[in-house]
Structure formats: C-alpha cells, structure tokens
file start-v4.tsv (TSV, C-alpha atoms)
chain	number	residue	atom	x	y	z
T	251	MET	CA	4.53	7.79	-35.93
T	252	LEU	CA	1.90	9.20	-33.61
T	253	ASP	CA	1.99	12.92	-32.88
T	254	TYR	CA	2.60	14.30	-29.38
T	255	MET	CA	-1.04	15.20	-28.72
T	256	THR	CA	-2.24	11.69	-29.61
T	257	LEU	CA	0.42	10.09	-27.44
T	258	ARG	CA	-0.65	12.19	-24.48
T	259	LEU	CA	-4.27	11.18	-24.99
T	260	ILE	CA	-3.33	7.52	-25.30
T	261	TRP	CA	-1.36	7.60	-22.05
T	262	TRP	CA	-4.17	9.42	-20.27
T	263	ALA	CA	-6.51	6.65	-21.44
T	264	LEU	CA	-4.02	3.94	-20.44
T	265	LEU	CA	-3.73	5.43	-16.97
T	266	GLY	CA	-7.50	5.31	-16.73
T	267	VAL	CA	-7.57	1.68	-17.87
T	268	LEU	CA	-5.02	0.73	-15.20
T	269	LEU	CA	-6.97	2.52	-12.48
T	270	VAL	CA	-10.22	0.88	-13.60
T	271	GLY	CA	-8.47	-2.51	-13.68
T	272	PHE	CA	-7.21	-1.96	-10.14
T	273	ALA	CA	-10.65	-0.86	-8.92
T	274	ILE	CA	-12.34	-3.94	-10.41
T	275	PHE	CA	-9.81	-6.66	-9.62
T	276	ASP	CA	-8.13	-5.57	-6.41
T	277	GLY	CA	-11.41	-3.87	-5.54
T	278	PHE	CA	-13.08	-7.19	-4.80
T	279	ASP	CA	-10.10	-8.18	-2.62
T	280	ILE	CA	-10.59	-4.98	-0.62
T	281	GLY	CA	-14.34	-5.56	-0.52
T	282	VAL	CA	-13.94	-9.14	0.73
T	283	ALA	CA	-11.65	-7.87	3.50
T	284	MET	CA	-14.29	-5.36	4.62
T	285	LEU	CA	-17.03	-8.02	4.54
T	286	HIS	CA	-14.94	-10.77	6.15
T	287	PRO	CA	-16.01	-10.30	9.82
T	288	PHE	CA	-19.68	-9.89	8.88
T	289	VAL	CA	-20.46	-12.55	6.28
T	290	ALA	CA	-18.46	-15.28	8.07
T	291	ARG	CA	-19.69	-16.26	11.53
T	292	ASN	CA	-17.31	-19.13	12.38
T	293	ASP	CA	-13.77	-20.19	11.63
T	294	THR	CA	-14.72	-22.45	8.71
T	295	GLN	CA	-16.70	-19.70	7.02
T	296	ARG	CA	-13.86	-17.25	7.51
T	297	ARG	CA	-11.48	-19.68	5.90
T	298	VAL	CA	-13.93	-19.80	3.00
T	299	THR	CA	-13.78	-16.02	2.48
T	300	LEU	CA	-9.98	-16.00	2.74
T	301	ASN	CA	-9.63	-18.78	0.17
T	302	THR	CA	-11.93	-17.06	-2.33
T	303	ILE	CA	-9.22	-14.43	-2.84
T	304	GLY	CA	-6.19	-16.40	-1.62
T	305	PRO	CA	-4.90	-17.50	-5.05
T	306	VAL	CA	-5.47	-14.19	-6.84
T	307	TRP	CA	-5.00	-11.20	-4.53
T	308	GLU	CA	-1.26	-10.88	-5.16
T	309	GLY	CA	-1.76	-10.88	-8.92
T	310	ASN	CA	-4.54	-8.31	-8.61
T	311	GLN	CA	-2.15	-5.83	-6.99
T	312	VAL	CA	-0.16	-5.78	-10.24
T	313	TRP	CA	-2.72	-3.25	-11.49
T	314	PHE	CA	-1.80	-0.91	-8.64
T	315	ILE	CA	1.92	-1.29	-9.35
T	316	LEU	CA	1.41	-0.72	-13.07
T	317	GLY	CA	-0.65	2.39	-12.33
T	318	GLY	CA	2.10	3.83	-10.14
T	319	GLY	CA	4.71	2.95	-12.77
T	320	ALA	CA	2.67	4.60	-15.52
T	321	VAL	CA	2.37	7.81	-13.47
T	322	PHE	CA	6.12	7.78	-12.77
T	323	ALA	CA	7.11	7.23	-16.39
T	324	ALA	CA	4.44	9.12	-18.33
T	325	TRP	CA	3.55	11.96	-15.94
T	326	PRO	CA	6.67	12.80	-13.84
T	327	PRO	CA	5.36	16.10	-12.34
T	328	LEU	CA	2.15	14.33	-11.31
T	329	TYR	CA	4.16	11.60	-9.63
T	330	ALA	CA	6.41	14.10	-7.86
T	331	VAL	CA	3.60	16.27	-6.49
T	332	SER	CA	1.08	13.57	-5.61
T	333	PHE	CA	3.47	11.09	-4.02
T	334	SER	CA	5.13	13.80	-1.94
T	335	GLY	CA	2.01	15.82	-1.13
T	336	PHE	CA	-0.13	12.79	-0.32
T	337	TYR	CA	2.76	11.07	1.44
T	338	LEU	CA	0.99	10.34	4.74
T	339	ALA	CA	-2.24	9.33	3.01
T	340	MET	CA	-0.37	6.98	0.70
T	341	LEU	CA	1.56	5.62	3.66
T	342	LEU	CA	-1.78	4.68	5.25
T	343	VAL	CA	-2.80	2.97	2.01
T	344	LEU	CA	0.47	1.04	1.86
T	345	ILE	CA	0.15	0.03	5.51
T	346	GLY	CA	-3.33	-1.26	4.75
T	347	LEU	CA	-2.13	-3.21	1.73
T	348	ILE	CA	0.78	-4.63	3.76
T	349	LEU	CA	-1.56	-5.66	6.58
T	350	ARG	CA	-3.57	-7.82	4.18
T	351	PRO	CA	-0.95	-10.57	3.66
T	352	VAL	CA	0.22	-10.21	7.26
T	353	ALA	CA	-3.32	-10.81	8.57
T	354	ILE	CA	-3.97	-13.71	6.19
T	355	THR	CA	-0.67	-15.41	7.06
T	356	PHE	CA	-0.50	-14.77	10.81
T	357	ARG	CA	-4.12	-15.78	11.37
T	358	ASP	CA	-3.24	-19.39	10.65
T	359	LYS	CA	-0.26	-19.55	13.00
T	360	ARG	CA	-2.32	-20.32	16.10
T	361	LEU	CA	-5.66	-22.04	16.69
T	362	ALA	CA	-6.73	-19.80	19.60
T	363	SER	CA	-10.03	-18.07	18.81
T	364	GLY	CA	-8.87	-14.74	20.25
T	365	TRP	CA	-5.75	-14.78	18.09
T	366	ARG	CA	-7.68	-15.51	14.92
T	367	GLU	CA	-10.42	-12.99	15.71
T	368	THR	CA	-7.80	-10.27	16.19
T	369	TRP	CA	-6.30	-10.94	12.77
T	370	ASP	CA	-9.77	-11.09	11.25
T	371	TRP	CA	-10.31	-7.46	12.30
T	372	VAL	CA	-6.83	-6.52	11.09
T	373	PHE	CA	-7.89	-8.00	7.76
T	374	PHE	CA	-10.99	-5.79	7.84
T	375	ILE	CA	-8.83	-2.71	8.49
T	376	SER	CA	-6.59	-3.70	5.56
T	377	GLY	CA	-9.63	-3.26	3.31
T	378	PHE	CA	-11.46	-0.35	4.92
T	379	VAL	CA	-8.52	2.07	5.20
T	380	PRO	CA	-7.38	1.88	1.52
T	381	ALA	CA	-11.00	2.00	0.31
T	382	LEU	CA	-11.69	5.15	2.31
T	383	ILE	CA	-8.39	6.87	1.46
T	384	PHE	CA	-8.75	6.22	-2.28
T	385	GLY	CA	-12.12	7.95	-2.26
T	386	VAL	CA	-10.84	10.80	-0.09
T	387	ALA	CA	-7.98	11.32	-2.54
T	388	PHE	CA	-10.34	11.66	-5.50
T	389	GLY	CA	-12.53	14.01	-3.50
T	390	ASN	CA	-9.54	16.27	-2.92
T	391	LEU	CA	-8.57	16.11	-6.59
T	392	LEU	CA	-11.99	17.48	-7.52
T	393	GLN	CA	-11.56	20.35	-5.04
T	394	GLY	CA	-7.93	21.06	-5.88
T	395	VAL	CA	-4.74	20.37	-3.97
T	396	PRO	CA	-2.60	23.11	-2.32
T	397	PHE	CA	0.67	23.07	-4.25
T	398	HIS	CA	2.69	25.36	-6.50
T	399	PHE	CA	5.92	25.46	-8.52
T	400	ASP	CA	8.79	27.92	-8.47
T	401	GLN	CA	10.46	29.13	-11.67
T	402	GLN	CA	12.70	26.05	-11.68
T	403	LEU	CA	9.58	23.85	-11.53
T	404	ARG	CA	10.34	22.67	-8.00
T	405	ALA	CA	7.06	21.72	-6.35
T	406	THR	CA	5.94	22.84	-2.90
T	407	TYR	CA	2.98	21.18	-1.18
T	408	GLU	CA	1.23	23.30	1.45
T	409	GLY	CA	-1.36	20.90	2.85
T	410	GLY	CA	-1.48	18.17	5.48
T	411	LEU	CA	-3.23	14.89	6.20
T	412	LEU	CA	-6.01	16.41	8.30
T	413	GLY	CA	-6.77	18.92	5.55
T	414	LEU	CA	-7.58	16.03	3.23
T	415	LEU	CA	-10.34	14.85	5.57
T	416	ASN	CA	-12.87	17.53	4.64
T	417	PRO	CA	-16.62	16.81	4.35
T	418	PHE	CA	-16.77	16.50	0.55
T	419	ALA	CA	-13.71	14.25	0.45
T	420	LEU	CA	-15.14	12.05	3.19
T	421	LEU	CA	-18.35	11.74	1.18
T	422	CYS	CA	-16.26	10.56	-1.77
T	423	GLY	CA	-14.54	8.17	0.62
T	424	LEU	CA	-17.92	6.68	1.52
T	425	VAL	CA	-18.68	6.32	-2.20
T	426	SER	CA	-15.48	4.31	-2.55
T	427	VAL	CA	-16.25	2.14	0.49
T	428	ALA	CA	-19.81	1.35	-0.70
T	429	MET	CA	-18.56	0.64	-4.24
T	430	LEU	CA	-15.87	-1.81	-3.12
T	431	VAL	CA	-18.16	-3.53	-0.61
T	432	MET	CA	-20.55	-4.13	-3.51
T	433	GLN	CA	-17.70	-5.50	-5.63
T	434	GLY	CA	-16.47	-7.74	-2.83
T	435	ALA	CA	-20.00	-9.03	-2.22
T	436	ALA	CA	-20.39	-9.80	-5.93
T	437	TRP	CA	-17.18	-11.82	-5.87
T	438	LEU	CA	-18.13	-13.68	-2.68
T	439	SER	CA	-21.62	-14.47	-3.96
T	440	GLY	CA	-20.06	-16.26	-6.92
T	441	LYS	CA	-17.06	-17.87	-5.21
T	442	SER	CA	-18.82	-19.22	-2.09
T	443	GLU	CA	-21.95	-21.13	-1.21
T	444	GLY	CA	-24.36	-21.46	1.68
T	445	ASP	CA	-24.59	-18.89	4.44
T	446	VAL	CA	-21.54	-16.90	3.32
T	447	ALA	CA	-22.99	-16.38	-0.16
T	448	VAL	CA	-26.44	-15.49	1.21
T	449	ARG	CA	-25.05	-12.88	3.59
T	450	ALA	CA	-22.79	-11.51	0.85
T	451	ARG	CA	-25.80	-10.98	-1.38
T	452	HIS	CA	-27.64	-9.14	1.40
T	453	TYR	CA	-24.71	-6.82	2.07
T	454	GLY	CA	-24.10	-6.41	-1.65
T	455	ALA	CA	-27.67	-5.32	-2.38
T	456	PHE	CA	-27.53	-2.80	0.47
T	457	ALA	CA	-24.14	-1.47	-0.71
T	458	ALA	CA	-25.39	-1.13	-4.31
T	459	ILE	CA	-28.43	0.94	-3.27
T	460	LEU	CA	-26.30	2.99	-0.91
T	461	LEU	CA	-23.81	3.60	-3.72
T	462	VAL	CA	-26.56	5.04	-5.94
T	463	LEU	CA	-27.60	7.43	-3.15
T	464	LEU	CA	-24.02	8.47	-2.36
T	465	ILE	CA	-23.16	9.04	-6.03
T	466	SER	CA	-26.25	11.23	-6.33
T	467	ALA	CA	-25.28	13.25	-3.25
T	468	ALA	CA	-21.68	13.66	-4.47
T	469	GLY	CA	-22.90	14.66	-7.94
T	470	VAL	CA	-25.24	17.34	-6.60
T	471	TRP	CA	-22.50	18.65	-4.30
T	472	THR	CA	-20.04	18.75	-7.23
T	473	MET	CA	-22.55	20.62	-9.38
T	474	LEU	CA	-23.65	23.17	-6.78
T	475	GLY	CA	-20.89	23.41	-4.19
T	476	VAL	CA	-17.51	22.57	-5.73
T	477	GLU	CA	-15.50	24.99	-7.84
T	478	GLY	CA	-14.29	23.24	-10.95
T	479	TYR	CA	-11.36	24.23	-13.13
T	480	ARG	CA	-11.35	25.55	-16.67
T	481	ILE	CA	-8.44	26.47	-18.96
T	482	ALA	CA	-8.80	29.99	-20.34
T	483	GLY	CA	-7.49	30.78	-23.80
T	484	ALA	CA	-5.89	28.61	-26.46
T	485	ILE	CA	-4.22	25.32	-25.57
T	486	ASP	CA	-1.08	24.02	-27.26
T	487	HIS	CA	-1.80	20.29	-27.22
T	488	ALA	CA	1.63	19.45	-28.60
T	489	GLY	CA	3.63	22.04	-26.68
T	490	PRO	CA	6.39	21.44	-24.14
T	491	SER	CA	5.46	20.25	-20.65
T	492	ASN	CA	5.42	23.51	-18.73
T	493	PRO	CA	2.60	23.86	-16.17
T	494	LEU	CA	3.40	27.57	-15.72
T	495	ALA	CA	2.38	28.58	-19.24
T	496	LYS	CA	-1.42	28.73	-19.00
T	497	THR	CA	-4.29	30.56	-17.34
T	498	VAL	CA	-6.91	28.67	-15.35
T	499	THR	CA	-10.19	29.94	-13.95
T	500	ARG	CA	-12.41	28.39	-11.28
T	501	GLU	CA	-16.18	28.28	-11.32
T	502	THR	CA	-18.84	26.26	-9.54
T	503	GLY	CA	-20.13	23.57	-11.86
T	504	ALA	CA	-17.17	23.73	-14.24
T	505	TRP	CA	-16.55	19.99	-13.80
T	506	LEU	CA	-19.69	19.45	-15.89
T	507	ASP	CA	-18.23	21.22	-18.94
T	508	ASN	CA	-16.98	18.04	-20.59
T	509	TYR	CA	-20.40	16.42	-20.49
T	510	ARG	CA	-21.81	19.38	-22.39
T	511	ALA	CA	-18.96	19.45	-24.90
T	512	TYR	CA	-18.75	15.66	-25.35
T	513	PRO	CA	-22.19	14.14	-24.72
T	514	TRP	CA	-20.83	10.60	-25.19
T	515	MET	CA	-19.04	10.97	-21.82
T	516	ILE	CA	-22.46	10.65	-20.15
T	517	ALA	CA	-21.93	6.91	-20.68
T	518	ALA	CA	-19.73	6.89	-17.55
T	519	PRO	CA	-22.33	8.07	-15.00
T	520	VAL	CA	-24.98	6.00	-16.78
T	521	ALA	CA	-22.78	2.90	-16.34
T	522	ALA	CA	-22.24	3.76	-12.67
T	523	TYR	CA	-25.97	4.03	-11.96
T	524	VAL	CA	-27.23	1.23	-14.20
T	525	GLY	CA	-24.49	-1.16	-13.08
T	526	ALA	CA	-25.26	-0.58	-9.39
T	527	LEU	CA	-29.02	-0.99	-9.88
T	528	LEU	CA	-28.56	-4.15	-11.96
T	529	ALA	CA	-26.17	-5.49	-9.33
T	530	ALA	CA	-28.81	-4.92	-6.64
T	531	LEU	CA	-31.34	-6.88	-8.74
T	532	ALA	CA	-28.80	-9.63	-9.40
T	533	PHE	CA	-28.14	-9.96	-5.68
T	534	ALA	CA	-31.87	-10.12	-5.00
T	535	PHE	CA	-32.39	-12.88	-7.58
T	536	SER	CA	-29.15	-14.75	-6.72
T	537	SER	CA	-27.69	-14.29	-10.19
T	538	ARG	CA	-24.02	-14.81	-9.37
T	539	ARG	CA	-22.23	-14.12	-12.63
T	540	PHE	CA	-24.48	-11.23	-13.58
T	541	ALA	CA	-23.94	-9.65	-10.16
T	542	LEU	CA	-20.19	-9.51	-10.71
T	543	LEU	CA	-20.56	-8.21	-14.27
T	544	ALA	CA	-23.03	-5.52	-13.21
T	545	SER	CA	-20.95	-4.52	-10.19
T	546	SER	CA	-17.80	-4.29	-12.33
T	547	LEU	CA	-19.68	-2.11	-14.82
T	548	SER	CA	-20.64	0.24	-11.99
T	549	VAL	CA	-17.08	0.33	-10.63
T	550	ALA	CA	-15.73	1.15	-14.09
T	551	GLY	CA	-18.38	3.85	-14.48
T	552	VAL	CA	-17.55	5.53	-11.17
T	553	ALA	CA	-13.79	5.53	-11.86
T	554	THR	CA	-14.22	6.74	-15.44
T	555	MET	CA	-16.68	9.43	-14.38
T	556	ALA	CA	-13.98	11.06	-12.24
T	557	GLY	CA	-11.52	11.07	-15.14
T	558	PHE	CA	-14.03	12.41	-17.65
T	559	SER	CA	-15.13	15.18	-15.29
T	560	MET	CA	-11.60	16.44	-14.68
T	561	PHE	CA	-10.17	16.13	-18.21
T	562	PRO	CA	-7.72	17.56	-19.16
T	563	PHE	CA	-6.73	18.20	-15.54
T	564	LEU	CA	-4.69	15.58	-13.72
T	565	LEU	CA	-3.95	17.44	-10.48
T	566	PRO	CA	-5.57	20.87	-10.01
T	567	SER	CA	-3.89	23.39	-7.69
T	568	SER	CA	-6.20	25.11	-5.23
T	569	THR	CA	-3.66	27.81	-4.29
T	570	HIS	CA	-2.24	28.51	-7.78
T	571	PRO	CA	-4.86	27.32	-10.32
T	572	GLY	CA	-2.70	28.38	-13.26
T	573	GLN	CA	-0.05	25.87	-12.16
T	574	SER	CA	-2.42	22.91	-12.19
T	575	LEU	CA	-1.13	19.80	-13.94
T	576	THR	CA	-2.95	18.79	-17.11
T	577	VAL	CA	-2.67	16.17	-19.82
T	578	TRP	CA	-1.09	18.80	-22.09
T	579	ASP	CA	1.67	20.11	-19.82
T	580	ALA	CA	2.67	17.36	-17.38
T	581	SER	CA	3.78	14.49	-19.61
T	582	SER	CA	7.15	12.98	-20.44
T	583	SER	CA	8.77	13.69	-23.78
T	584	LYS	CA	7.37	12.42	-27.06
T	585	ALA	CA	10.23	9.93	-27.40
T	586	THR	CA	9.61	8.52	-23.92
T	587	LEU	CA	5.87	8.12	-24.47
T	588	SER	CA	6.51	6.44	-27.84
T	589	LEU	CA	9.03	3.96	-26.44
T	590	MET	CA	6.83	3.05	-23.49
T	591	LEU	CA	3.82	2.59	-25.74
T	592	ILE	CA	5.74	-0.09	-27.66
T	593	ALA	CA	6.46	-1.85	-24.37
T	594	VAL	CA	2.76	-1.70	-23.43
T	595	ILE	CA	1.71	-3.13	-26.80
T	596	VAL	CA	4.09	-6.07	-26.28
T	597	PHE	CA	3.60	-6.85	-22.58
T	598	LEU	CA	0.02	-5.86	-21.74
T	599	PRO	CA	-1.51	-8.68	-23.83
T	600	ILE	CA	0.79	-11.12	-22.01
T	601	VAL	CA	-0.38	-9.88	-18.62
T	602	LEU	CA	-4.03	-10.04	-19.68
T	603	SER	CA	-3.62	-13.54	-21.15
T	604	TYR	CA	-1.94	-14.86	-18.02
T	605	THR	CA	-4.54	-13.24	-15.78
T	606	SER	CA	-7.38	-14.75	-17.81
T	607	TRP	CA	-5.75	-18.19	-17.65
T	608	VAL	CA	-5.35	-17.97	-13.87
T	609	TYR	CA	-9.00	-17.08	-13.34
T	610	TYR	CA	-10.07	-19.87	-15.68
T	611	VAL	CA	-8.00	-22.48	-13.85
T	612	LEU	CA	-9.19	-21.29	-10.44
T	613	ARG	CA	-12.87	-21.10	-11.39
T	614	GLY	CA	-15.46	-22.67	-9.10
T	615	ALA	CA	-16.74	-21.99	-5.60
T	616	VAL	CA	-15.00	-22.52	-2.27
T	617	THR	CA	-17.33	-24.49	0.00
T	618	GLU	CA	-17.47	-25.13	3.73
T	619	ALA	CA	-17.60	-28.88	3.06
T	620	ALA	CA	-14.33	-28.73	1.15
T	621	ILE	CA	-12.69	-26.74	3.95
T	622	ARG	CA	-13.83	-29.31	6.55
T	623	ARG	CA	-12.59	-32.21	4.40
T	624	GLY	CA	-9.18	-30.62	4.30
T	625	ASP	CA	-9.08	-30.21	0.53
T	626	ASP	CA	-6.14	-28.42	-1.01
T	627	TYR	CA	-6.82	-24.92	0.33
T	628	TYR	CA	-3.88	-22.89	1.55
T	629	TYR	CA	-5.55	-20.78	4.25
call {"tool": "encode", "arguments": {"input": "start-v4.tsv", "output": "structure tokens"}}
result
Amino acid sequence: MLDYMTLRLIWWALLGVLLVGFAIFDGFDIGVAMLHPFVARNDTQRRVTLNTIGPVWEGNQVWFILGGGAVFAAWPPLYAVSFSGFYLAMLLVLIGLILRPVAITFRDKRLASGWRETWDWVFFISGFVPALIFGVAFGNLLQGVPFHFDQQLRATYEGGLLGLLNPFALLCGLVSVAMLVMQGAAWLSGKSEGDVAVRARHYGAFAAILLVLLISAAGVWTMLGVEGYRIAGAIDHAGPSNPLAKTVTRETGAWLDNYRAYPWMIAAPVAAYVGALLAALAFAFSSRRFALLASSLSVAGVATMAGFSMFPFLLPSSTHPGQSLTVWDASSSKATLSLMLIAVIVFLPIVLSYTSWVYYVLRGAVTEAAIRRGDDYYY
C-alpha cells in the first residue's frame, strides 16, 4: 500500500492533470466562443463555428466537474476556503458557462438577424468572462488570499470581488484570455475551412505571440514584484492535516525556489514558450494538426508552470501566511485518498477511451457548403 506522502503527491498530480485537461479541451470551447463574432461574418459562417464544438462541448466540461470533485474529496479545506472565498468570482464563471448552452440553443429559435446577433455576443461573453476570471484567480493565488482559521479550523475569508481585480491578477487574466483564444483558433483552423479557418489562423498567430509577451511580463513581475511563500523548518510529509502547525515566510522571488531545487520543472515554462511559438508558425504555414498540438503543449505548460511554482502550496494566505494550505496539511485521510485512487484507476481509462472514440467518430471539418446543403448539423 502506498504511504501517505506518496498518496498526497499523486492526488496533487491528478488535480493538475484534471486542470490541464480542462484547459486544453474546454479551453478550445471557450476560445471558439471568444472568436465567434470575429471569425464568422455571416449567419452560415457562425453556424460553422457553433457546429465545430456543438457535439463535444458538453463532454469537455466533464474535466471541470472532475476537477471540482477532486478538490472536494481530496482537499476538503481547499474546497471550503476557495469555493466560499471566491464565491462571487465562481458565480460569474458559472453564469458564463451556463450562458454558453443558452446562447447556442436560443440563437436558433428565431431567424431575425438582430435576435441571432444578440445571442452571438452572449456566446462571446460566455467565453470571455470565464477565461478572464480563471486567470485572475491564479493571479490571486500567486499573491495570496486573505483568509485564516480559528482554533477549530473554521475558515474566515476577508476579501471581496473587487479586491481580486488587482493589476497583477488582471495581467494573469489577460494571459488566460490570450492562451484560450490561441487554443480556440487552433481548433477552428482544423475543424473549419475557407474564410473562417483563414481568419482563425490570423487571430491564433496574434494570440500566440501576445501570449509569449504576456507570459514574459507576468514572469518578470512574479520574480521582482510578487512575494512568494516558503515553508520554514522541517516538514512532516505524512503528518495529520493541520494547517496551523507550520511556519511560513514570504519573500520576493520565492516562487522561483522550486526551479532551483528541481531543475526538471523548467520543462513547464519551456513548453509554454516553445508551444506558443510553434503554434504561431503552424498558423502562419496553415499546418492544422500541428497548430492544435503546439497550442495544447503551450496550454499545458502554462497551467503546469503555475502548479510547479507554488508547490507545495495550494492556497497561500496573505493575512496569516502560517495558515496557508499546502499539499502536506490540507488533504483527506490516507484511507480516503487510497479508496478514491482505486476509483480513478478504474474509471479514468473509461472516460479517456470514450472521449477518444467520440473525437475519432466526429473527426473532419465543418464546411459552409455542408451547412447550406442542410446536412445533419444540429445548430
């Protein structure tokens, strides 16, 4: 049987895998929504963009649900603090995700151009708001979140929605927007043809270059202007989950400690940069499959870079640093982690197999000619 420390590391890695999966798969849905009013100039083209994600967007949101379930089951204090502290921000995300199917469905209820154009912009909002908020959330994680525990481990959050919208967090939000626009453009360039695909490649190349610049700006700011967190003293990796039993210091540049201690972690920022630059080249040379692969590599690199930088911290506290939540003191019991790991080993391959089969069956581009002919497209 695996020891407690190993189980905690495995569940930290699994949480990262689920977040990366969500960023890659539902990321292109969000990106397509943001690009929808710009790459499609008439009703037929807009039906093309909707049908590129129509059969798969619901399945892609499974990654988001699994991520929330993993946090709830494996990291209860993290779930309690983040879902209550970020309540309004998460409500905006959920509203955005709810608006997506509403916009897609209601758009088709009337033929009036004004009606459809209104829902097209609602569809755009359903992508832009979650993309921005996700990045803002990670920006605030890097700076620390104002919460603390009492002696009974009851959490109190002292912040508000407006406090989350600080300059560094908004920069991270722009990183997220550029990243997901690139991912959506990569998907559209492979799943559409003609003018829609051409415009998608133009926007994708611009987003990829912009992403490189924004990552660089955020990295310099993190290195020179953001106080990172560092655990002082010995760590009991297999001890009980008690976030009050440690000492934490803050220092500018501390988020770079892991890259010095574990040089292999540099693979994450390298993947973010190289993937974005290769995606820009793929867009320029109309290499459809390679664009999506390169873009997905960059998305995975950006998401993993945040996790590597913060490890072992899950949710740092800006007001009481010593009460920050870490991998070593915010997990469920050893028995719970062991039981859930068995469930993951059984069911995750099933989910991955089904997902792969769906994408294989639904391969091929959506064309304007097929939409005009009235082929079997739902939207």
call {"tool": "residues_around", "arguments": {"input": "start-v4.tsv", "residues": "T:Gly277", "least_positions_apart": "4", "cutoff": "9 Å", "atoms": "only C-alpha atoms", "output": "JSON, numbers by chain"}}
result
{"T": [271, 272, 273, 281, 282, 310, 381, 429, 430, 431, 433, 434, 549]}
call {"tool": "closest_atom_pairs", "arguments": {"input": "start-v4.tsv", "of": "stretch 285-340 of chain T", "to": "stretch 351-365 of chain T", "cutoff": "9 Å", "atoms": "only C-alpha atoms", "output": "CSV"}}
result
residue,atom,partner,partner_atom,distance
T:Asp293,CA,T:Ser363,CA,8.4
T:Leu300,CA,T:Ile354,CA,7.3
T:Gly304,CA,T:Ile354,CA,8.6
T:Glu308,CA,T:Pro351,CA,8.8
call {"tool": "residues_around", "arguments": {"input": "start-v4.tsv", "residues": "stretch 501-507 of chain T", "least_positions_apart": "4", "cutoff": "6 Å", "atoms": "all atoms listed in the file", "output": "ChimeraX atom specification"}}
result
/T:473,476-479,559
call {"tool": "atom_distance", "arguments": {"input": "start-v4.tsv", "atom1": "atom CA of T:His570", "atom2": "atom CA of T:Pro417"}}
result
22.2 Å
call {"tool": "closest_atom_pairs", "arguments": {"input": "start-v4.tsv", "of": "stretch 318-388 of chain T", "to": "stretch 571-579 of chain T", "cutoff": "9 Å", "atoms": "only C-alpha atoms", "output": "CSV"}}
result
residue,atom,partner,partner_atom,distance
T:Trp325,CA,T:Val577,CA,8.5
T:Pro327,CA,T:Leu575,CA,7.6
T:Leu328,CA,T:Leu575,CA,6.9
call {"tool": "atom_distance", "arguments": {"input": "start-v4.tsv", "atom1": "atom CA of T:Pro287", "atom2": "atom CA of T:Ser466"}}
result
28.8 Å
call {"tool": "atom_distance", "arguments": {"input": "start-v4.tsv", "atom1": "atom CA of T:Pro305", "atom2": "atom CA of T:Phe278"}}
result
13.2 Å
call {"tool": "residues_around", "arguments": {"input": "start-v4.tsv", "residues": "T:Leu531", "least_positions_apart": "4", "cutoff": "12 Å", "atoms": "all atoms listed in the file", "output": "PyMOL selection string"}}
result
chain T and resi 436+451-452+454-456+458-459+524-527+535-538+540-542+544-545
call {"tool": "residues_around", "arguments": {"input": "start-v4.tsv", "residues": "stretch 409-412 of chain T", "least_positions_apart": "6", "cutoff": "12 Å", "atoms": "all atoms listed in the file", "output": "list in words"}}
result
Val331, Ser332, Ser334, Gly335, Phe336, Tyr337, Leu338, Ala339, Met340, Leu341, Leu342, Ile383, Val386, Ala387, Asn390, Gly394, Val395, Pro396, Phe397, His398, Ala419, Leu420, Ser567, Ser568 and Thr569 of chain T
call {"tool": "closest_residue", "arguments": {"input": "start-v4.tsv", "among": "T:Ser588, T:Ser583, T:Thr299, T:Thr406", "to": "T:Ala435", "atoms": "all atoms listed in the file"}}
result
T:Thr299
call {"tool": "residues_around", "arguments": {"input": "start-v4.tsv", "residues": "T:Gly614", "least_positions_apart": "5", "cutoff": "10 Å", "atoms": "all atoms listed in the file", "output": "ChimeraX atom specification"}}
result
/T:302,440-442,609
call {"tool": "closest_residue", "arguments": {"input": "start-v4.tsv", "among": "T:Leu403, T:Leu598, T:Val498, T:Ile280", "to": "T:Val379", "atoms": "only C-alpha atoms"}}
result
T:Ile280
call {"tool": "closest_residue", "arguments": {"input": "start-v4.tsv", "among": "T:Phe399, T:Ala553, T:Phe322, T:Asn292", "to": "T:Leu269", "atoms": "all atoms listed in the file"}}
result
T:Ala553
call {"tool": "closest_residue", "arguments": {"input": "start-v4.tsv", "among": "T:Ala484, T:Met555, T:Leu268, T:Leu494", "to": "T:Gly319", "atoms": "only C-alpha atoms"}}
result
T:Leu268
call {"tool": "residues_near_point", "arguments": {"input": "start-v4.tsv", "point": "(-13.4, 8.0, -10.0)", "cutoff": "10 Å", "atoms": "all atoms listed in the file", "output": "JSON, numbers by chain"}}
result
{"T": [266, 269, 270, 273, 384, 385, 387, 388, 389, 392, 422, 425, 426, 518, 549, 550, 551, 552, 553, 554, 555, 556, 557, 558, 559, 560]}
call {"tool": "closest_residue", "arguments": {"input": "start-v4.tsv", "among": "T:His286, T:His487, T:Phe561, T:Ile465", "to": "T:Tyr509", "atoms": "only C-alpha atoms"}}
result
T:Phe561
